[in-house]
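Engineer: So I've got this file, protein.txt, and it contains compact mmCIF, C-alpha atoms:
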```txt
# COMPACT_ATOMS: atom_id res chain seq x y z
CA MET A 7 -3.50 10.42 13.14
CA THR A 8 -3.70 12.59 10.05
CA PRO A 9 -6.95 14.37 10.97
CA GLY A 10 -5.46 14.77 14.45
CA LEU A 11 -2.41 16.30 12.85
CA ALA A 12 -4.64 18.66 10.87
CA PHE A 13 -6.19 20.03 14.05
CA PHE A 14 -2.83 20.03 15.81
CA TYR A 15 -1.23 22.21 13.15
CA GLY A 16 -4.42 24.17 12.56
CA GLY A 17 -4.54 25.10 16.21
CA MET A 18 -1.09 26.64 16.09
CA VAL A 19 -1.38 28.95 13.10
CA ARG A 20 -3.07 32.31 12.79
CA THR A 21 -6.83 32.38 12.60
CA ARG A 22 -6.99 33.29 8.95
CA HIS A 23 -4.80 30.32 7.98
CA ILE A 24 -6.49 27.59 9.96
CA LEU A 25 -8.63 26.38 7.06
CA VAL A 26 -5.75 26.03 4.61
CA MET A 27 -3.77 24.25 7.32
CA LEU A 28 -6.60 21.75 7.86
CA LYS A 29 -7.03 21.32 4.13
CA MET A 30 -3.36 20.50 3.63
CA SER A 31 -3.59 17.45 5.87
CA PHE A 32 -6.88 16.28 4.39
CA ALA A 33 -5.53 16.78 0.87
CA SER A 34 -2.62 14.55 1.85
CA LEU A 35 -5.14 11.88 2.83
CA ALA A 36 -6.93 12.10 -0.51
CA PHE A 37 -3.95 12.45 -2.80
CA GLY A 38 -1.79 10.06 -0.80
CA THR A 39 -4.43 7.32 -0.99
CA VAL A 40 -4.85 7.58 -4.76
CA MET A 41 -1.12 7.90 -5.38
CA TRP A 42 -0.32 4.97 -3.16
CA PHE A 43 -2.70 2.47 -4.73
CA ALA A 44 -1.99 3.70 -8.26
CA ILE A 45 1.80 3.38 -8.34
CA GLY A 46 3.19 4.04 -4.87
CA TYR A 47 2.66 0.55 -3.53
CA THR A 48 4.16 -1.24 -6.50
CA LEU A 49 7.21 1.03 -6.66
CA ALA A 50 7.85 0.59 -2.96
CA PHE A 51 6.94 -3.07 -2.49
CA GLY A 52 6.97 -4.57 -5.97
CA ASP A 53 9.77 -6.83 -7.14
CA ASP A 54 13.11 -5.09 -7.08
CA VAL A 55 14.36 -3.70 -10.40
CA GLY A 56 17.81 -5.02 -11.22
CA GLY A 57 18.51 -6.27 -7.72
CA TYR A 58 20.03 -2.98 -6.56
CA GLY A 59 17.43 -2.39 -3.88
CA LEU A 60 16.62 1.06 -5.20
CA ILE A 61 13.05 0.85 -6.54
CA GLY A 62 10.30 -1.68 -7.21
CA ASP A 63 8.77 -2.47 -10.59
CA LEU A 64 5.35 -1.50 -11.92
CA ASP A 65 3.85 -5.00 -12.07
CA HIS A 66 1.38 -4.26 -9.28
CA ALA A 67 0.30 -0.81 -10.45
CA PHE A 68 -3.33 -0.24 -9.39
CA LEU A 69 -2.90 -3.42 -7.31
CA ARG A 70 -2.85 -5.53 -10.45
CA GLY A 71 -2.33 -9.20 -9.72
CA ILE A 72 -3.26 -8.87 -6.06
CA GLY A 73 -6.34 -10.75 -4.98
CA MET A 74 -8.16 -11.55 -1.78
CA ASN A 75 -5.89 -14.53 -1.17
CA THR A 76 -2.57 -12.82 -1.91
CA LEU A 77 -0.45 -12.74 1.22
CA SER A 78 2.41 -10.54 2.38
CA GLY A 79 3.96 -12.73 5.04
CA SER A 80 0.98 -14.00 7.00
CA ILE A 81 -1.16 -10.96 6.21
CA PRO A 82 -3.42 -10.27 3.21
CA THR A 83 -1.63 -7.90 0.85
CA PHE A 84 -4.65 -5.57 0.80
CA VAL A 85 -4.27 -5.03 4.53
CA PHE A 86 -0.51 -4.66 4.29
CA ALA A 87 -0.77 -2.12 1.45
CA THR A 88 -3.35 -0.12 3.38
CA PHE A 89 -1.15 -0.13 6.47
CA GLN A 90 1.80 1.14 4.44
CA MET A 91 -0.44 3.77 2.84
CA THR A 92 -1.05 5.43 6.19
CA PHE A 93 2.69 6.12 6.52
CA ALA A 94 2.92 7.73 3.10
CA ILE A 95 0.01 9.99 4.06
CA ILE A 96 1.23 10.99 7.49
CA THR A 97 4.76 11.62 6.23
CA VAL A 98 3.75 14.13 3.60
CA ALA A 99 1.20 15.71 5.93
CA LEU A 100 3.95 16.29 8.50
CA ILE A 101 5.76 18.56 6.06
CA SER A 102 2.84 20.99 5.97
CA GLY A 103 3.74 22.10 9.49
CA SER A 104 6.98 23.68 8.37
CA ILE A 105 5.34 25.81 5.68
CA ALA A 106 2.41 26.96 7.80
CA ASP A 107 1.05 30.40 6.98
CA ARG A 108 3.01 30.81 3.76
CA ALA A 109 2.08 28.15 1.21
CA THR A 110 -0.93 28.03 -1.08
CA MET A 111 -3.16 25.04 -1.66
CA ARG A 112 -2.28 25.08 -5.33
CA GLY A 113 1.40 24.66 -4.59
CA TRP A 114 0.68 22.02 -1.99
CA LEU A 115 -1.43 19.93 -4.38
CA VAL A 116 1.49 19.85 -6.81
CA PHE A 117 3.99 19.15 -4.08
CA VAL A 118 2.21 16.20 -2.45
CA PRO A 119 2.10 13.75 -5.40
CA LEU A 120 5.55 14.74 -6.64
CA TRP A 121 7.20 14.43 -3.26
CA LEU A 122 5.49 11.12 -2.53
CA LEU A 123 6.64 9.72 -5.84
CA ILE A 124 10.17 11.10 -5.97
CA VAL A 125 11.18 11.02 -2.32
CA TYR A 126 8.93 8.88 -0.14
CA VAL A 127 8.38 5.85 -2.36
CA PRO A 128 12.09 5.13 -3.02
CA LEU A 129 12.91 5.57 0.66
CA ALA A 130 10.08 3.24 1.63
CA HIS A 131 11.51 0.66 -0.75
CA TRP A 132 15.00 1.03 0.70
CA VAL A 133 13.91 0.65 4.30
CA PHE A 134 10.56 -1.19 4.46
CA ASP A 135 10.96 -3.69 1.63
CA ARG A 136 13.04 -6.81 2.19
CA ASP A 137 14.98 -6.14 -1.00
CA GLY A 138 15.78 -2.54 -0.13
CA TRP A 139 19.50 -1.84 0.04
CA ILE A 140 19.33 -0.43 3.56
CA VAL A 141 17.63 -3.59 4.80
CA LYS A 142 19.79 -5.96 2.78
CA HIS A 143 23.23 -4.41 3.14
CA LEU A 144 22.99 -2.49 6.40
CA GLY A 145 20.60 -4.89 8.14
CA ALA A 146 18.30 -2.15 9.36
CA LEU A 147 15.08 -3.08 11.15
CA ASP A 148 13.10 0.11 11.05
CA PHE A 149 9.88 -0.77 12.83
CA ALA A 150 8.72 2.75 13.61
CA GLY A 151 9.81 4.33 10.33
CA GLY A 152 12.51 6.54 11.81
CA LEU A 153 14.21 7.04 8.45
CA PRO A 154 11.43 7.15 5.83
CA VAL A 155 8.87 8.86 8.05
CA GLU A 156 10.43 11.00 10.76
CA LEU A 157 13.82 11.87 9.28
CA ASN A 158 12.43 12.12 5.78
CA SER A 159 9.63 14.53 6.65
CA GLY A 160 11.93 16.48 8.94
CA VAL A 161 14.55 17.05 6.26
CA ALA A 162 11.88 17.81 3.66
CA GLY A 163 10.27 20.28 6.04
CA LEU A 164 13.60 21.98 6.62
CA ALA A 165 14.22 22.13 2.88
CA VAL A 166 10.87 23.70 2.00
CA ALA A 167 11.15 26.09 4.94
CA LEU A 168 14.53 27.22 3.67
CA VAL A 169 13.12 27.69 0.19
CA LEU A 170 10.04 29.60 1.32
CA ARG A 171 11.88 31.60 4.04
CA ALA A 172 10.20 33.15 7.05
CA ARG A 173 7.00 35.09 6.47
CA ARG A 174 7.41 38.81 6.09
CA ASP A 175 5.43 39.81 9.18
CA PHE A 176 6.95 37.13 11.36
CA ALA A 177 7.13 39.15 14.58
CA ARG A 178 3.62 40.59 14.42
CA ASP A 179 1.34 39.14 17.05
CA GLU A 180 -1.94 38.04 15.54
CA PRO A 181 -4.76 36.17 17.24
CA ARG A 182 -4.64 32.42 17.06
CA PRO A 183 -7.74 30.22 16.87
CA LYS A 184 -10.08 30.40 19.84
CA GLN A 185 -8.13 33.22 21.38
CA HIS A 186 -9.83 36.48 21.78
CA PRO A 187 -7.35 39.34 21.36
CA ALA A 188 -8.55 40.86 24.61
CA ARG A 189 -7.56 37.86 26.67
CA ARG A 190 -4.69 38.66 28.94
CA ASP A 191 -3.59 35.08 29.54
CA ARG A 192 -3.66 34.01 25.92
CA ARG A 193 -0.19 32.57 26.03
CA ARG A 194 -1.33 29.77 28.30
CA ALA A 195 -4.15 28.34 26.24
CA PRO A 196 -2.12 26.98 23.31
CA VAL A 197 0.31 25.17 25.59
CA VAL A 198 -2.48 23.30 27.34
CA ARG A 199 -4.04 22.43 24.01
CA LEU A 200 -0.73 21.36 22.50
CA VAL A 201 -0.04 18.97 25.35
CA ARG A 202 -3.50 17.50 25.00
CA VAL A 203 -3.17 16.99 21.26
CA GLN A 204 0.35 15.64 21.64
CA LEU A 205 -0.90 13.03 24.08
CA ARG A 206 -3.60 12.03 21.63
CA LEU A 207 -1.08 11.70 18.80
CA ARG A 208 1.31 9.76 21.01
CA ALA A 209 -1.48 7.34 21.85
CA ALA A 210 -1.35 6.15 18.25
CA ARG A 211 2.35 5.40 18.39
CA PRO A 212 2.14 1.73 19.39
CA GLY A 213 0.33 1.09 16.11
CA HIS A 214 3.13 2.85 14.33
CA GLY A 215 5.87 0.48 15.37
CA GLY A 216 4.04 -2.65 16.38
CA GLY A 217 2.27 -3.22 13.11
CA ARG A 218 5.46 -2.78 11.18
CA ALA A 219 7.00 -5.80 12.85
CA ALA A 220 4.53 -8.05 11.12
CA GLN A 221 6.67 -7.56 8.03
CA TYR A 222 9.43 -9.58 9.62
CA PRO A 223 7.50 -12.55 10.91
CA THR A 224 10.31 -15.05 10.93
CA ARG A 225 13.33 -12.91 11.56
CA ARG A 226 15.36 -13.77 14.65
CA GLY A 227 13.32 -16.94 14.77
CA GLY A 228 10.23 -15.42 16.27
CA ARG A 229 7.63 -12.75 16.08
CA ASP A 230 8.98 -9.37 17.01
CA ASP A 231 5.72 -7.49 17.19
CA HIS A 232 5.33 -7.64 20.94
CA VAL A 233 8.92 -6.53 21.44
CA ALA A 234 8.45 -3.64 19.06
CA ALA A 235 5.17 -2.64 20.66
CA ARG A 236 6.74 -2.65 24.09
CA ARG A 237 9.64 -0.56 22.87
CA GLU A 238 7.25 1.96 21.41
CA VAL A 239 5.32 2.26 24.63
CA ALA A 240 8.49 2.41 26.69
CA VAL A 241 9.98 5.32 24.76
CA PRO A 242 7.32 8.00 24.89
CA ALA A 243 9.83 10.79 24.20
CA ARG A 244 9.97 10.07 20.49
CA MET B 256 27.21 -40.55 4.28
CA PRO B 257 24.05 -38.68 3.36
CA VAL B 258 24.08 -34.96 3.83
CA THR B 259 21.06 -33.84 5.79
CA ALA B 260 20.03 -30.52 4.41
CA SER B 261 17.57 -28.45 6.38
CA PRO B 262 14.23 -28.20 4.60
CA PRO B 263 13.50 -24.95 2.79
CA PRO B 264 11.51 -22.52 4.91
CA MET B 265 7.78 -22.85 4.49
CA PRO B 266 5.95 -19.79 3.19
CA PRO B 267 4.00 -18.34 6.09
CA ALA B 268 0.32 -19.16 6.15
CA TYR B 269 -2.50 -16.73 6.75
CA ASP B 270 -2.66 -15.66 10.36
CA SER B 271 -5.83 -13.96 11.56
CA GLY B 272 -4.07 -12.70 14.68
CA ASP B 273 -1.37 -10.94 12.65
CA THR B 274 -4.02 -9.52 10.35
CA ALA B 275 -6.12 -8.21 13.22
CA TRP B 276 -3.00 -6.69 14.75
CA LEU B 277 -2.12 -4.92 11.53
CA LEU B 278 -5.68 -3.72 10.98
CA ALA B 279 -5.73 -2.26 14.48
CA SER B 280 -2.38 -0.60 13.79
CA THR B 281 -3.73 0.80 10.53
CA ALA B 282 -6.75 2.24 12.30
CA MET B 283 -4.48 3.90 14.86
CA VAL B 284 -2.06 5.41 12.37
CA CYS B 285 -4.61 6.47 9.77
```
Can you turn what I pasted into structure tokens?

Structural biologist:
Amino acid sequence: MTPGLAFFYGGMVRTRHILVMLKMSFASLAFGTVMWFAIGYTLAFGDDVGGYGLIGDLDHAFLRGIGMNTLSGSIPTFVFATFQMTFAIITVALISGSIADRATMRGWLVFVPLWLLIVYVPLAHWVFDRDGWIVKHLGALDFAGGLPVELNSGVAGLAVALVLRARRDFARDEPRPKQHPARRDRRRAPVVRLVRVQLRLRAARPGHGGGRAAQYPTRRGGRDDHVAARREVAVPAR
Amino acid sequence: MPVTASPPPMPPAYDSGDTAWLLASTAMVC
């Protein structure tokens, strides 16, 4: 999904910004992966500190103490950690869309690790970990990541957009990728492409929610993954 | 009269189906 997102966002910005737009998503992949396995996983899914459901401990930093036979539920922890990693990556990559055309790579490379650590990881612990306070006290079952992924990246995007403001030459019409300035019908091409890319991104959605249910293998006395997968397929508007 | 307590829940065992499902999900989301 993240490379798809890179081309999705890259296709919407001005020609001269397409490379930085692509790089932002791919940098999220690289930095998110390292961050996640270094300390992200243990802070989000390690044993709860103090029992408040706010943050995990550092016992599993760099996946220490996790072997081939370590299980999370009925799934090897390596697989589970990798699955969770994809959400950290896509969430921070989503933010890049709201600062298109007016952020530098240098700023982005500082932002990604800091935001993952300060914002995403605690929220993931609250919502995705069994000991998180939202799960424990509010009883939330967030299969698709509505709070830590969608709402989180949306609010973060709004915040950085408010900080960076609109670009100075907002109203000027510049050519977008693959659009020759001489084309008269250039307004139509992006819409067709956007729909196509959207469909491709939506096709990955069942994985989004269905896999998450594996975290709750015994809740409600049965496996919820098929229910969650069906719900994801049945609600394509999200 | 003896009190019959329900046995403690067993820790879930490895399930290749669940693992394959999660791997497929990971491939889709990544």

Engineer: Residues of chain B within 8 Å of chain A, counting all atoms listed in the file - could you list those as an mmCIF file with C-alpha atoms, in the coordinates of the input?

Structural biologist:
```cif
data_model
loop_
_atom_site.group_PDB
_atom_site.id
_atom_site.type_symbol
_atom_site.label_atom_id
_atom_site.label_comp_id
_atom_site.auth_asym_id
_atom_site.auth_seq_id
_atom_site.Cartn_x
_atom_site.Cartn_y
_atom_site.Cartn_z
ATOM 1 C CA PRO B 266 5.950 -19.790 3.190
ATOM 2 C CA PRO B 267 4.000 -18.340 6.090
ATOM 3 C CA ALA B 268 0.320 -19.160 6.150
ATOM 4 C CA TYR B 269 -2.500 -16.730 6.750
ATOM 5 C CA ASP B 270 -2.660 -15.660 10.360
ATOM 6 C CA SER B 271 -5.830 -13.960 11.560
ATOM 7 C CA ASP B 273 -1.370 -10.940 12.650
ATOM 8 C CA THR B 274 -4.020 -9.520 10.350
ATOM 9 C CA TRP B 276 -3.000 -6.690 14.750
ATOM 10 C CA LEU B 277 -2.120 -4.920 11.530
ATOM 11 C CA LEU B 278 -5.680 -3.720 10.980
ATOM 12 C CA ALA B 279 -5.730 -2.260 14.480
ATOM 13 C CA SER B 280 -2.380 -0.600 13.790
ATOM 14 C CA THR B 281 -3.730 0.800 10.530
ATOM 15 C CA MET B 283 -4.480 3.900 14.860
ATOM 16 C CA VAL B 284 -2.060 5.410 12.370
ATOM 17 C CA CYS B 285 -4.610 6.470 9.770
#
```

Engineer: For CA of Leu170 in chain A and CA of Arg108 in chain A, determine how far apart the two atoms are, in Å to one decimal place.

Structural biologist: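 Computing it gives 7.5 Å between the two atoms.
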
Engineer: When you draw a straight line from CA of Arg206 in chain A to CA of Thr21 in chain A, how long is it in Å?

Structural biologist: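 One can read the CA of Arg206 in chain A to CA of Thr21 in chain A distance as 22.5 Å.
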
Engineer: For Gly52 in chain A, list every protein, DNA or RNA residue within 9 Å, evaluated using only C-alpha atoms, and leave out those in the same chain fewer than 5 positions away; present the list as a VMD selection string.

Structural biologist: chain A and resid 47 61 to 67 131 135

Engineer: Please, what distance in Å, to one decimal, runs between CA of Arg208 in chain A and CA of Phe117 in chain A?

Structural biologist: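 For CA of Arg208 in chain A relative to CA of Phe117 in chain A, the distance reads 26.9 Å.
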
Engineer: How would you write as a PyMOL selection string the residues that get within 10 Å of (14.7, -3.1, 0.5) in the file's frame, counting all atoms listed in the file?

Structural biologist: chain A and resi 50-51+53-54+57-62+128-143+145-146

Engineer: Which one of A:Leu28, A:Ala44, A:Val118, A:Val203 sits closest to Ile101 in chain A if you count all atoms listed in the file?

Structural biologist: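 The shortest atom-to-atom distance to Ile101 in chain A comes from A:Val118.
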
Engineer: Please provide the set of residues having any atom within 9 Å of Ile24 in chain A, restricted to all atoms listed in the file, with same-chain residues fewer than 5 positions apart removed, written as number ranges by chain.

Structural biologist: A: 13, 15-19, 29, 107, 182-183
